[in-house]
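Participant: Input structure: start-v2.txt, which contains compact mmCIF, C-alpha atoms.
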# COMPACT_ATOMS: atom_id res chain seq x y z
CA MET Q 1 0.00 0.00 0.00
CA THR Q 2 1.33 3.40 -0.94
CA SER Q 3 1.13 5.99 1.82
CA LEU Q 4 -0.28 9.38 0.91
CA GLN Q 5 1.96 12.31 1.77
CA PRO Q 6 0.43 15.72 2.61
CA VAL Q 7 0.66 18.20 -0.24
CA THR Q 8 2.86 21.15 0.61
CA ARG Q 9 1.52 24.39 -0.76
CA THR Q 10 4.35 26.77 -1.51
CA GLY Q 11 2.67 29.43 -3.66
CA ALA Q 12 2.80 33.05 -2.54
CA ALA Q 13 -0.88 33.04 -1.53
CA HIS Q 14 -0.42 30.00 0.71
CA ARG Q 15 2.66 31.44 2.42
CA LEU Q 16 0.85 34.71 3.04
CA ALA Q 17 -2.30 33.02 4.34
CA ALA Q 18 -0.26 31.02 6.85
CA LEU Q 19 1.47 34.18 8.02
CA ALA Q 20 -1.84 36.05 8.32
CA GLU Q 21 -3.35 33.20 10.32
CA GLU Q 22 -0.54 33.43 12.87
CA ALA Q 23 -0.89 37.20 13.17
CA LEU Q 24 -4.70 37.16 13.42
CA GLY Q 25 -5.00 34.12 15.66
CA GLY Q 26 -7.32 32.55 13.11
CA PRO Q 27 -7.70 32.04 9.37
CA PRO Q 28 -8.18 35.23 7.36
CA PRO Q 29 -11.84 35.79 6.34
CA VAL Q 30 -10.91 36.40 2.70
CA ARG Q 31 -9.57 34.42 -0.21
CA LEU Q 32 -6.13 35.40 -1.49
CA ARG Q 33 -4.91 35.36 -5.07
CA ALA Q 34 -1.26 36.28 -5.62
CA TRP Q 35 0.76 37.54 -8.58
CA ASP Q 36 2.11 34.04 -9.21
CA GLY Q 37 -1.39 32.62 -9.81
CA SER Q 38 -1.63 30.80 -6.47
CA GLU Q 39 -4.91 31.07 -4.59
CA THR Q 40 -6.17 29.94 -1.21
CA GLY Q 41 -8.84 30.69 1.33
CA PRO Q 42 -12.51 29.92 2.00
CA ALA Q 43 -14.64 29.32 -1.08
CA GLY Q 44 -17.21 32.03 -1.66
CA ALA Q 45 -15.32 34.60 0.40
CA PRO Q 46 -14.26 37.97 -1.05
CA VAL Q 47 -11.13 37.59 -3.16
CA VAL Q 48 -8.23 39.90 -2.39
CA VAL Q 49 -5.98 40.08 -5.42
CA LEU Q 50 -2.30 40.93 -4.92
CA ARG Q 51 -1.25 42.05 -8.38
CA SER Q 52 2.33 42.81 -7.49
CA ARG Q 53 5.00 42.19 -4.87
CA ARG Q 54 5.05 45.93 -4.31
CA ALA Q 55 1.75 45.68 -2.40
CA LEU Q 56 3.51 43.55 0.23
CA ARG Q 57 6.51 45.83 0.26
CA ARG Q 58 4.19 48.69 1.18
CA LEU Q 59 2.86 46.67 4.10
CA LEU Q 60 6.38 45.92 5.30
CA TRP Q 61 7.17 49.63 5.42
CA GLN Q 62 3.69 50.84 6.38
CA PRO Q 63 1.83 48.06 8.24
CA GLY Q 64 -1.90 48.39 8.72
CA GLU Q 65 -4.63 50.48 7.13
CA LEU Q 66 -2.43 53.06 5.44
CA GLY Q 67 -0.25 50.47 3.70
CA LEU Q 68 -3.33 48.60 2.48
CA ALA Q 69 -4.88 51.85 1.23
CA GLN Q 70 -1.69 52.79 -0.62
CA ALA Q 71 -1.65 49.40 -2.32
CA TYR Q 72 -5.32 49.70 -3.25
CA VAL Q 73 -5.25 53.20 -4.72
CA THR Q 74 -2.20 52.35 -6.84
CA GLY Q 75 -3.90 49.19 -8.14
CA GLU Q 76 -1.29 46.87 -6.64
CA LEU Q 77 -4.04 45.33 -4.50
CA ASP Q 78 -7.65 44.89 -5.51
CA VAL Q 79 -10.85 43.28 -4.32
CA GLU Q 80 -12.60 41.16 -6.90
CA GLY Q 81 -16.24 42.00 -7.44
CA ASP Q 82 -18.15 44.51 -5.33
CA LEU Q 83 -15.77 46.35 -3.01
CA GLY Q 84 -18.53 47.20 -0.55
CA GLU Q 85 -19.58 43.58 -0.18
CA GLY Q 86 -15.95 42.61 0.29
CA LEU Q 87 -15.37 45.14 3.07
CA ARG Q 88 -18.69 44.29 4.70
CA ALA Q 89 -17.79 40.59 4.77
CA VAL Q 90 -14.40 41.30 6.31
CA TRP Q 91 -15.89 43.50 9.06
CA ALA Q 92 -18.63 40.94 9.73
CA ALA Q 93 -16.12 38.09 10.01
CA ALA Q 94 -13.97 40.14 12.36
CA ARG Q 95 -16.98 40.78 14.61
CA GLU Q 96 -18.48 37.30 14.51
CA ARG Q 97 -15.23 35.41 14.95
CA GLY Q 98 -13.70 37.91 17.33
CA LEU Q 99 -10.53 38.28 15.30
CA PRO Q 100 -8.27 40.75 17.08
CA PRO Q 101 -6.29 43.38 15.20
CA PRO Q 102 -2.81 42.11 14.33
CA ARG Q 103 -0.29 42.48 17.14
CA LEU Q 104 3.05 41.31 15.86
CA THR Q 105 5.59 40.04 18.38
CA PRO Q 106 9.33 40.20 17.57
CA ALA Q 107 9.10 36.53 16.56
CA ASP Q 108 6.14 37.30 14.27
CA ARG Q 109 8.09 40.09 12.65
CA ALA Q 110 11.08 37.82 12.11
CA ARG Q 111 8.88 35.19 10.41
CA ALA Q 112 7.24 37.88 8.30
CA LEU Q 113 10.63 39.15 7.20
CA ALA Q 114 11.79 35.62 6.34
CA THR Q 115 8.65 35.07 4.26
CA ALA Q 116 9.16 38.42 2.56
CA VAL Q 117 12.71 37.43 1.64
CA ARG Q 118 11.53 34.11 0.19
CA LEU Q 119 8.85 35.89 -1.84
CA GLY Q 120 11.28 38.49 -3.15
CA VAL Q 121 9.42 41.51 -1.78
CA VAL Q 122 12.15 43.01 0.39
CA GLY Q 123 13.45 46.30 -0.91
CA PRO Q 124 13.34 50.06 -0.44
CA PRO Q 125 10.01 51.69 0.38
CA PRO Q 126 7.84 52.26 -2.69
CA PRO Q 127 7.08 55.89 -3.57
CA VAL Q 128 4.15 57.42 -1.71
CA PRO Q 129 1.14 57.69 -4.04
CA VAL Q 130 0.81 61.16 -5.53
CA SER Q 131 -2.78 61.42 -4.25
CA GLN Q 132 -1.65 61.27 -0.61
CA ALA Q 133 -1.67 64.57 1.29
CA ARG Q 134 1.64 66.18 2.15
CA LEU Q 135 1.10 68.86 4.77
CA ARG Q 136 3.66 70.98 6.54
CA GLY Q 137 3.59 73.32 9.50
CA GLY Q 138 2.06 73.17 12.95
CA LEU Q 139 -1.15 71.22 13.42
CA HIS Q 140 -4.14 73.51 12.73
CA SER Q 141 -2.01 76.54 12.01
CA ARG Q 142 -3.78 78.78 9.51
CA ALA Q 143 -1.42 77.83 6.68
CA ARG Q 144 -1.73 74.09 7.35
CA ASP Q 145 -5.51 74.27 7.67
CA ARG Q 146 -5.71 76.09 4.35
CA ALA Q 147 -3.56 73.40 2.72
CA ALA Q 148 -5.66 70.62 4.26
CA ILE Q 149 -8.89 72.15 2.99
CA SER Q 150 -7.37 72.79 -0.43
CA HIS Q 151 -6.21 69.16 -0.72
CA HIS Q 152 -9.80 67.96 -0.59
CA TYR Q 153 -12.08 70.76 -1.74
CA ASP Q 154 -9.91 72.31 -4.45
CA LEU Q 155 -9.66 69.01 -6.34
CA SER Q 156 -11.64 70.93 -8.98
CA ASN Q 157 -15.16 72.22 -9.35
CA ALA Q 158 -15.47 70.01 -12.44
CA PHE Q 159 -14.83 66.90 -10.31
CA TYR Q 160 -17.50 67.78 -7.75
CA GLY Q 161 -19.84 68.80 -10.55
CA LEU Q 162 -19.57 65.23 -11.87
CA LEU Q 163 -20.05 63.67 -8.43
CA LEU Q 164 -22.79 65.77 -6.84
CA ASP Q 165 -26.32 66.55 -7.94
CA GLU Q 166 -27.47 69.95 -9.17
CA THR Q 167 -27.61 71.40 -5.65
CA MET Q 168 -23.82 70.91 -5.29
CA ALA Q 169 -24.44 70.08 -1.62
CA TYR Q 170 -21.57 67.98 -0.30
CA SER Q 171 -23.02 66.87 3.02
CA CYS Q 172 -25.62 64.45 4.34
CA GLY Q 173 -29.02 64.82 2.74
CA TYR Q 174 -32.37 64.40 4.48
CA TRP Q 175 -34.31 61.58 2.83
CA ALA Q 176 -37.82 62.84 3.61
CA GLY Q 177 -39.42 60.81 0.82
CA GLU Q 178 -39.36 57.21 -0.36
CA GLY Q 179 -39.33 55.56 -3.73
CA PRO Q 180 -37.34 56.15 -6.92
CA GLY Q 181 -39.06 59.48 -7.52
CA PHE Q 182 -37.34 61.00 -4.48
CA THR Q 183 -33.82 61.77 -5.65
CA SER Q 184 -30.53 62.74 -4.08
CA ALA Q 185 -31.21 66.35 -5.08
CA ASP Q 186 -34.60 66.17 -3.34
CA ALA Q 187 -32.88 64.90 -0.18
CA GLN Q 188 -30.43 67.80 -0.30
CA ARG Q 189 -33.19 70.39 -0.79
CA ALA Q 190 -35.08 68.85 2.14
CA LYS Q 191 -31.93 69.12 4.29
CA LEU Q 192 -31.36 72.76 3.31
CA GLU Q 193 -34.97 73.68 4.06
CA LEU Q 194 -34.90 71.83 7.39
CA ILE Q 195 -31.82 73.79 8.45
CA CYS Q 196 -33.42 77.11 7.49
CA ARG Q 197 -36.53 76.25 9.47
CA LYS Q 198 -34.58 75.14 12.52
CA VAL Q 199 -32.66 78.45 12.67
CA ALA Q 200 -35.92 80.39 11.98
CA LEU Q 201 -34.77 82.30 8.90
CA GLU Q 202 -37.04 85.04 7.64
CA PRO Q 203 -36.61 87.91 5.13
CA GLY Q 204 -33.78 90.20 6.17
CA ALA Q 205 -32.33 87.79 8.75
CA ARG Q 206 -28.53 87.79 8.88
CA LEU Q 207 -27.03 84.34 8.38
CA LEU Q 208 -23.36 83.42 8.71
CA ASP Q 209 -22.61 80.20 6.80
CA ILE Q 210 -19.20 78.96 8.01
CA GLY Q 211 -17.73 76.44 5.62
CA CYS Q 212 -20.23 77.24 2.88
CA GLY Q 213 -18.97 74.66 0.38
CA TRP Q 214 -20.35 75.29 -3.10
CA GLY Q 215 -23.06 77.53 -1.69
CA ALA Q 216 -26.03 75.17 -1.48
CA LEU Q 217 -27.28 76.48 1.87
CA THR Q 218 -26.21 80.06 1.13
CA LEU Q 219 -28.20 80.18 -2.11
CA HIS Q 220 -31.22 78.38 -0.63
CA ALA Q 221 -31.37 80.73 2.35
CA ALA Q 222 -31.06 83.85 0.19
CA GLU Q 223 -33.50 82.76 -2.54
CA ARG Q 224 -36.23 80.98 -0.59
CA HIS Q 225 -36.06 82.84 2.73
CA GLY Q 226 -34.75 86.28 1.77
CA ALA Q 227 -31.85 86.00 4.21
CA LEU Q 228 -28.76 88.21 4.05
CA VAL Q 229 -25.93 85.70 3.97
CA THR Q 230 -22.22 85.94 4.66
CA ALA Q 231 -20.69 82.80 3.17
CA VAL Q 232 -17.24 81.80 4.42
CA THR Q 233 -14.88 79.19 2.97
CA LEU Q 234 -11.14 78.50 2.97
CA ALA Q 235 -11.27 76.88 -0.47
CA ARG Q 236 -10.62 79.31 -3.32
CA GLU Q 237 -12.27 77.06 -5.91
CA GLN Q 238 -15.44 77.02 -3.83
CA ALA Q 239 -15.44 80.78 -3.29
CA ALA Q 240 -15.11 81.40 -7.02
CA TYR Q 241 -17.93 78.97 -7.77
CA VAL Q 242 -20.32 80.53 -5.22
CA ARG Q 243 -19.61 84.04 -6.49
CA GLU Q 244 -20.51 82.92 -10.02
CA ARG Q 245 -23.79 81.37 -8.85
CA VAL Q 246 -24.63 84.48 -6.81
CA ALA Q 247 -24.13 86.67 -9.89
CA GLU Q 248 -26.13 84.34 -12.14
CA ARG Q 249 -29.11 84.38 -9.76
CA GLY Q 250 -29.03 88.10 -9.09
CA LEU Q 251 -28.33 87.70 -5.39
CA ALA Q 252 -25.40 90.09 -5.03
CA ASP Q 253 -27.45 92.34 -2.75
CA ARG Q 254 -28.11 89.42 -0.36
CA VAL Q 255 -24.91 87.35 -0.41
CA GLN Q 256 -21.31 88.19 0.44
CA VAL Q 257 -18.72 85.47 -0.18
CA VAL Q 258 -15.56 85.62 1.92
CA CYS Q 259 -12.52 83.38 1.48
CA GLN Q 260 -10.98 83.33 4.95
CA ASP Q 261 -10.37 81.35 8.12
CA TYR Q 262 -13.24 81.26 10.59
CA ARG Q 263 -10.82 82.58 13.23
CA ASP Q 264 -10.54 85.82 11.27
CA ILE Q 265 -14.27 86.57 11.11
CA ARG Q 266 -14.94 89.89 12.78
CA GLY Q 267 -18.14 91.54 13.92
CA GLY Q 268 -21.14 89.63 15.14
CA GLY Q 269 -24.81 90.12 15.78
CA PHE Q 270 -25.89 87.41 13.34
CA ASP Q 271 -29.41 86.06 13.70
CA ALA Q 272 -28.18 82.60 12.79
CA VAL Q 273 -24.89 80.79 12.28
CA THR Q 274 -24.56 77.49 10.45
CA SER Q 275 -21.62 75.12 10.19
CA ILE Q 276 -22.41 72.16 7.95
CA GLU Q 277 -19.81 69.39 8.28
CA MET Q 278 -17.02 71.88 8.82
CA GLY Q 279 -16.41 71.30 12.53
CA GLU Q 280 -14.56 68.04 11.81
CA HIS Q 281 -11.75 70.13 10.33
CA VAL Q 282 -11.35 72.40 13.36
CA GLY Q 283 -9.24 70.06 15.48
CA ASP Q 284 -9.54 68.67 18.97
CA ALA Q 285 -7.62 71.30 20.92
CA GLU Q 286 -9.12 74.13 18.86
CA TYR Q 287 -12.79 73.17 19.22
CA PRO Q 288 -13.46 75.10 22.44
CA ALA Q 289 -12.32 78.29 20.68
CA PHE Q 290 -14.50 77.40 17.68
CA ALA Q 291 -17.53 76.94 19.94
CA ALA Q 292 -16.75 80.25 21.64
CA ALA Q 293 -16.63 81.92 18.22
CA LEU Q 294 -20.08 80.56 17.38
CA HIS Q 295 -21.39 82.06 20.60
CA ARG Q 296 -19.64 85.40 20.01
CA LEU Q 297 -20.89 85.76 16.44
CA LEU Q 298 -24.55 85.24 17.39
CA ARG Q 299 -26.84 87.96 18.66
CA SER Q 300 -28.61 87.32 21.92
CA GLY Q 301 -31.48 84.97 21.09
CA GLY Q 302 -29.84 83.86 17.84
CA ARG Q 303 -29.60 80.23 16.80
CA VAL Q 304 -26.68 78.09 15.66
CA LEU Q 305 -26.93 74.83 13.77
CA VAL Q 306 -23.96 72.51 13.58
CA GLN Q 307 -24.20 69.46 11.34
CA GLN Q 308 -21.22 67.34 12.20
CA MET Q 309 -19.88 63.82 11.83
CA SER Q 310 -19.16 61.86 14.98
CA ARG Q 311 -17.67 58.57 16.02
CA GLY Q 312 -18.65 56.19 18.75
CA ARG Q 313 -16.40 55.97 21.76
CA GLY Q 314 -13.93 53.18 21.22
CA THR Q 315 -14.86 52.68 17.55
CA PRO Q 316 -12.66 53.66 14.63
CA GLY Q 317 -13.84 56.73 12.80
CA GLY Q 318 -11.88 58.47 10.09
CA GLY Q 319 -8.75 56.37 10.33
CA ALA Q 320 -5.38 56.57 8.65
CA PHE Q 321 -6.72 56.39 5.09
CA ILE Q 322 -9.21 59.24 5.51
CA GLU Q 323 -6.64 61.46 7.20
CA ALA Q 324 -3.98 60.76 4.58
CA TYR Q 325 -6.11 60.99 1.45
CA ILE Q 326 -9.41 62.73 2.11
CA ALA Q 327 -9.56 65.00 5.15
CA PRO Q 328 -6.10 65.57 6.61
CA ASP Q 329 -6.05 66.52 10.30
CA MET Q 330 -9.77 65.89 10.75
CA HIS Q 331 -11.04 65.06 14.23
CA MET Q 332 -14.34 63.48 15.20
CA ARG Q 333 -15.66 62.87 18.68
CA PRO Q 334 -18.79 61.30 20.18
CA LEU Q 335 -21.89 63.47 19.92
CA GLY Q 336 -22.07 64.03 23.67
CA GLU Q 337 -18.61 65.57 23.74
CA THR Q 338 -19.52 68.05 21.00
CA VAL Q 339 -22.71 69.00 22.85
CA GLY Q 340 -20.67 69.51 26.02
CA LEU Q 341 -18.23 71.84 24.24
CA LEU Q 342 -21.05 73.91 22.77
CA GLU Q 343 -22.71 74.19 26.16
CA ALA Q 344 -19.42 75.14 27.80
CA ALA Q 345 -19.20 78.04 25.33
CA GLY Q 346 -22.51 79.42 26.62
CA LEU Q 347 -24.89 77.98 24.03
CA GLU Q 348 -28.05 76.20 25.12
CA VAL Q 349 -28.42 73.02 23.06
CA ARG Q 350 -32.12 72.63 22.33
CA HIS Q 351 -32.35 69.91 19.74
CA SER Q 352 -30.23 67.10 18.34
CA GLU Q 353 -31.11 64.80 15.47
CA SER Q 354 -29.15 61.86 14.14
CA LEU Q 355 -28.95 61.50 10.36
CA ARG Q 356 -26.75 58.41 10.35
CA GLU Q 357 -28.97 56.26 8.11
CA HIS Q 358 -29.54 59.27 5.84
CA TYR Q 359 -25.79 59.41 5.22
CA VAL Q 360 -25.73 55.77 4.10
CA ARG Q 361 -28.20 56.69 1.34
CA THR Q 362 -26.41 59.93 0.50
CA VAL Q 363 -22.96 58.37 0.17
CA THR Q 364 -24.39 55.39 -1.72
CA ALA Q 365 -25.87 57.80 -4.27
CA TRP Q 366 -22.49 59.50 -4.70
CA HIS Q 367 -20.79 56.14 -5.14
CA ARG Q 368 -23.34 55.06 -7.74
CA THR Q 369 -22.62 58.25 -9.69
CA LEU Q 370 -18.87 57.60 -9.45
CA GLU Q 371 -19.23 54.12 -10.92
CA GLU Q 372 -21.67 55.21 -13.63
CA ARG Q 373 -19.30 57.99 -14.71
CA TRP Q 374 -16.06 56.12 -14.05
CA GLY Q 375 -14.59 56.89 -17.45
CA SER Q 376 -15.25 60.61 -17.04
CA PHE Q 377 -13.70 60.63 -13.57
CA THR Q 378 -10.55 58.81 -14.64
CA ALA Q 379 -10.19 61.10 -17.67
CA LEU Q 380 -10.47 64.13 -15.38
CA VAL Q 381 -8.36 63.16 -12.34
CA GLY Q 382 -6.68 59.86 -13.25
CA GLU Q 383 -7.19 56.25 -12.16
CA GLU Q 384 -5.43 56.65 -8.82
CA THR Q 385 -7.58 59.52 -7.56
CA ALA Q 386 -10.73 57.78 -8.79
CA ARG Q 387 -9.74 54.69 -6.78
CA VAL Q 388 -9.15 56.90 -3.73
CA TRP Q 389 -12.72 58.11 -4.01
CA ARG Q 390 -14.13 54.63 -4.59
CA LEU Q 391 -12.48 53.41 -1.39
CA TYR Q 392 -13.57 56.54 0.48
CA LEU Q 393 -17.23 56.35 -0.53
CA VAL Q 394 -17.58 52.58 -0.11
CA GLY Q 395 -15.81 52.59 3.24
CA GLY Q 396 -17.71 55.67 4.42
CA ALA Q 397 -21.12 54.20 3.62
CA LEU Q 398 -20.19 51.04 5.51
CA ALA Q 399 -18.93 52.99 8.54
CA PHE Q 400 -22.25 54.86 8.79
CA GLU Q 401 -24.24 51.67 8.17
CA GLU Q 402 -22.48 49.82 10.99
CA GLY Q 403 -22.53 52.71 13.45
CA ARG Q 404 -18.79 53.31 13.53
CA MET Q 405 -19.49 56.85 12.36
CA GLY Q 406 -22.51 59.08 12.78
CA VAL Q 407 -23.71 62.51 11.73
CA ASP Q 408 -25.94 64.82 13.72
CA GLN Q 409 -27.68 68.16 13.47
CA ILE Q 410 -27.23 70.07 16.73
CA LEU Q 411 -29.34 73.19 17.28
CA GLY Q 412 -28.26 75.69 19.92
CA VAL Q 413 -29.42 79.09 21.11
CA ARG Q 414 -27.58 81.99 22.66
CA PRO Q 415 -30.00 82.72 25.51
CA VAL Q 416 -31.21 86.24 26.19
CA ALA Q 417 -30.88 87.82 29.60
CA GLY Q 418 -33.31 86.08 31.89
CA GLY Q 419 -33.03 82.79 30.01
CA GLY Q 420 -35.42 83.27 27.09
CA SER Q 421 -34.70 81.08 24.08
CA GLY Q 422 -37.32 82.04 21.51
CA MET Q 423 -37.75 78.36 20.69
CA PRO Q 424 -41.22 77.08 19.71
CA ALA Q 425 -42.87 74.66 22.08
CA ILE Q 426 -43.72 72.30 19.22
CA THR Q 427 -41.41 71.66 16.26
CA ARG Q 428 -43.43 69.40 13.94
CA HIS Q 429 -43.75 72.26 11.42
CA TRP Q 430 -40.04 71.91 10.69
CA TYR Q 431 -40.75 68.66 8.84
CA GLU Q 432 -43.99 69.47 7.03
CA GLY Q 433 -43.79 69.13 3.26
CA LEU Q 434 -40.06 68.37 3.08
CA ASP Q 435 -40.84 65.60 0.61
CA ARG Q 436 -42.53 68.05 -1.77
CA LEU Q 437 -40.02 70.87 -2.24
Rewrite the coordinates I just gave you, this time as structure tokens.
Facilitator:
Amino acid sequence: MTSLQPVTRTGAAHRLAALAEEALGGPPPVRLRAWDGSETGPAGAPVVVLRSRRALRRLLWQPGELGLAQAYVTGELDVEGDLGEGLRAVWAAARERGLPPPRLTPADRARALATAVRLGVVGPPPPVPVSQARLRGGLHSRARDRAAISHHYDLSNAFYGLLLDETMAYSCGYWAGEGPGFTSADAQRAKLELICRKVALEPGARLLDIGCGWGALTLHAAERHGALVTAVTLAREQAAYVRERVAERGLADRVQVVCQDYRDIRGGGFDAVTSIEMGEHVGDAEYPAFAAALHRLLRSGGRVLVQQMSRGRGTPGGGAFIEAYIAPDMHMRPLGETVGLLEAAGLEVRHSESLREHYVRTVTAWHRTLEERWGSFTALVGEETARVWRLYLVGGALAFEEGRMGVDQILGVRPVAGGGSGMPAITRHWYEGLDRL
């Protein structure tokens, strides 16, 4: 009788899977396919394709999320099929099986290096992808903040014109209606109207829109509510765009567009101040001063609305990829901490509303547009930047879906002497007809 000997698998995928199993304390929840054609892993699982040895070299020099992101955006690593389903399956497996994040001991590192030598991936660090942010200067200095904002928002107005709907609103929409007839643009108009109602805009009211983006709220407030708006942005491309739209719509007597840092805003006495997904860029240490500025800029009895992303305590939020490629130096905190900082500045927080599920739908709509117009995006900004945005939008939607990130509208009031707030006792009118704008 001939004895059967175990088959030794020596392909790159098998060596890497064995190494990953040691590091994770369990088999990896994905299937691996390597550059040499070898493949291993559970059948039916998402397939991670390593197209080049350089992907592993990146992980040797930059272990973890950032190295993986660099390999993905350069095309050295890919996920076969739907990227969102692949990431969802990996997160689900990590939760269900309790796989810990890799913690490499010195012995683990030695084995990894030996495997890398055998696979021929040892070498100098690969060049950093050109799409990765390169900031200089002190954290949240004016110059660095301007560069951070420019990295993301000055990508080009043409790019955002391809990605966004006709409102050019680049923030979470409010999905007040259901069915295919209610579009992303409808959700954005509902969000803009809800904000205007919450801050009680009326003709002649003075609104300060900090971080105005491409002017969606500014234009809505001026046109539909007759507000006098000061729109502030650090991004020159955005400022130029908003000025053009203001001129086209004949709103020059109602809208002033200012390209400056919020810390340089002078004056005050505004009836309302809005900050729509701008507070994430302020910074942790700087947020108390930001909250104090909101209080200072409001008149007594005025209202402030902050729409801001958050993260759960102990859950990953932005992460290394977001901070390196999308929003450098961003900082998110749990909702309660933001509310505490606003209250410490003297604002009375009167209403808070989570839009987390709304952001899943908003980001999913942006991602669908990206895929439908993939050829136009790559022609405009190149394959690498398009892949950055695919990873950003897919990962972002999943983070909101699974509760690792949130987004909230927080309404505050600067109380008048004696404690009056001017707030209505009942707020259902805020939501009436938002599905029919």
Participant: Please list as a list in words every residue within 6 Å of segment 112-128 of chain Q, counting only C-alpha atoms and excluding residues in the same chain fewer than 3 positions away.
Facilitator: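 Once the nearby chain positions are removed, what remains is Arg53, Arg57 and Arg109 of chain Q.
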Participant: Counting all atoms listed in the file, select every polymer residue within 10 Å of (1.5, 51.3, 5.3) as defined in the file's coordinates, and provide the selection as a PyMOL selection string.
Facilitator: chain Q and resi 55-71+125+128+320-321
Participant: One decimal, Å: what's the distance from atom CA of Val407 of chain Q over to atom CA of Asp154 of chain Q, could you say?
Facilitator: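 These atoms are spaced 23.4 Å apart.
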Participant: If you count only C-alpha atoms, which residues fall within 12 Å of Ala293 of chain Q, apart from same-chain ones fewer than 6 positions away, as a VMD selection string?
Facilitator: chain Q and resid 208 210 261 to 270 273 to 275 282 286 to 287 299 304 341 to 342 345 to 347 414
Participant: From the options Q:Asp253, Q:Asp408, Q:Asp284, Q:Glu353, which residue's atoms come nearest to Ser310 of chain Q, counting all atoms listed in the file?
Facilitator: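 Of all the options, Q:Asp408 lies closest to Ser310 of chain Q.
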Participant: One number please: atom CA of Ala92 of chain Q to atom CA of Gly403 of chain Q, in Å, one decimal.
Facilitator: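 That distance, rounded to one decimal, is 12.9 Å.
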Participant: Reconstruct segment 146-157 of chain Q at the level of N, CA, C and O atoms, and format the result as a PDB file, keeping the file's coordinate frame.
Facilitator:
ATOM      1  N   ARG Q 146      -5.372  75.710   5.718  1.00  0.00           N
ATOM      2  CA  ARG Q 146      -5.710  76.090   4.350  1.00  0.00           C
ATOM      3  C   ARG Q 146      -5.262  75.011   3.361  1.00  0.00           C
ATOM      4  O   ARG Q 146      -5.976  74.661   2.426  1.00  0.00           O
ATOM      5  N   ALA Q 147      -4.066  74.452   3.602  1.00  0.00           N
ATOM      6  CA  ALA Q 147      -3.560  73.400   2.720  1.00  0.00           C
ATOM      7  C   ALA Q 147      -4.413  72.135   2.837  1.00  0.00           C
ATOM      8  O   ALA Q 147      -4.676  71.451   1.841  1.00  0.00           O
ATOM      9  N   ALA Q 148      -4.837  71.803   4.054  1.00  0.00           N
ATOM     10  CA  ALA Q 148      -5.660  70.620   4.260  1.00  0.00           C
ATOM     11  C   ALA Q 148      -6.998  70.746   3.542  1.00  0.00           C
ATOM     12  O   ALA Q 148      -7.478  69.802   2.892  1.00  0.00           O
ATOM     13  N   ILE Q 149      -7.617  71.913   3.657  1.00  0.00           N
ATOM     14  CA  ILE Q 149      -8.890  72.150   2.990  1.00  0.00           C
ATOM     15  C   ILE Q 149      -8.706  72.117   1.470  1.00  0.00           C
ATOM     16  O   ILE Q 149      -9.497  71.533   0.722  1.00  0.00           O
ATOM     17  N   SER Q 150      -7.631  72.738   1.006  1.00  0.00           N
ATOM     18  CA  SER Q 150      -7.370  72.790  -0.430  1.00  0.00           C
ATOM     19  C   SER Q 150      -7.156  71.379  -1.001  1.00  0.00           C
ATOM     20  O   SER Q 150      -7.600  71.075  -2.111  1.00  0.00           O
ATOM     21  N   HIS Q 151      -6.480  70.516  -0.241  1.00  0.00           N
ATOM     22  CA  HIS Q 151      -6.210  69.160  -0.720  1.00  0.00           C
ATOM     23  C   HIS Q 151      -7.506  68.452  -1.112  1.00  0.00           C
ATOM     24  O   HIS Q 151      -7.552  67.733  -2.114  1.00  0.00           O
ATOM     25  N   HIS Q 152      -8.544  68.668  -0.348  1.00  0.00           N
ATOM     26  CA  HIS Q 152      -9.800  67.960  -0.590  1.00  0.00           C
ATOM     27  C   HIS Q 152     -10.759  68.762  -1.474  1.00  0.00           C
ATOM     28  O   HIS Q 152     -11.252  68.263  -2.493  1.00  0.00           O
ATOM     29  N   TYR Q 153     -11.004  70.003  -1.110  1.00  0.00           N
ATOM     30  CA  TYR Q 153     -12.080  70.760  -1.740  1.00  0.00           C
ATOM     31  C   TYR Q 153     -11.662  71.478  -3.019  1.00  0.00           C
ATOM     32  O   TYR Q 153     -12.526  71.868  -3.814  1.00  0.00           O
ATOM     33  N   ASP Q 154     -10.372  71.673  -3.214  1.00  0.00           N
ATOM     34  CA  ASP Q 154      -9.910  72.310  -4.450  1.00  0.00           C
ATOM     35  C   ASP Q 154      -9.498  71.276  -5.492  1.00  0.00           C
ATOM     36  O   ASP Q 154      -8.749  71.583  -6.424  1.00  0.00           O
ATOM     37  N   LEU Q 155      -9.970  70.038  -5.351  1.00  0.00           N
ATOM     38  CA  LEU Q 155      -9.660  69.010  -6.340  1.00  0.00           C
ATOM     39  C   LEU Q 155     -10.060  69.497  -7.726  1.00  0.00           C
ATOM     40  O   LEU Q 155      -9.355  69.264  -8.702  1.00  0.00           O
ATOM     41  N   SER Q 156     -11.171  70.148  -7.830  1.00  0.00           N
ATOM     42  CA  SER Q 156     -11.640  70.930  -8.980  1.00  0.00           C
ATOM     43  C   SER Q 156     -13.154  70.976  -8.907  1.00  0.00           C
ATOM     44  O   SER Q 156     -13.811  70.002  -8.504  1.00  0.00           O
ATOM     45  N   ASN Q 157     -13.711  72.105  -9.309  1.00  0.00           N
ATOM     46  CA  ASN Q 157     -15.160  72.220  -9.350  1.00  0.00           C
ATOM     47  C   ASN Q 157     -15.752  71.250 -10.366  1.00  0.00           C
ATOM     48  O   ASN Q 157     -16.877  70.771 -10.205  1.00  0.00           O
TER      49      ASN Q 157
END
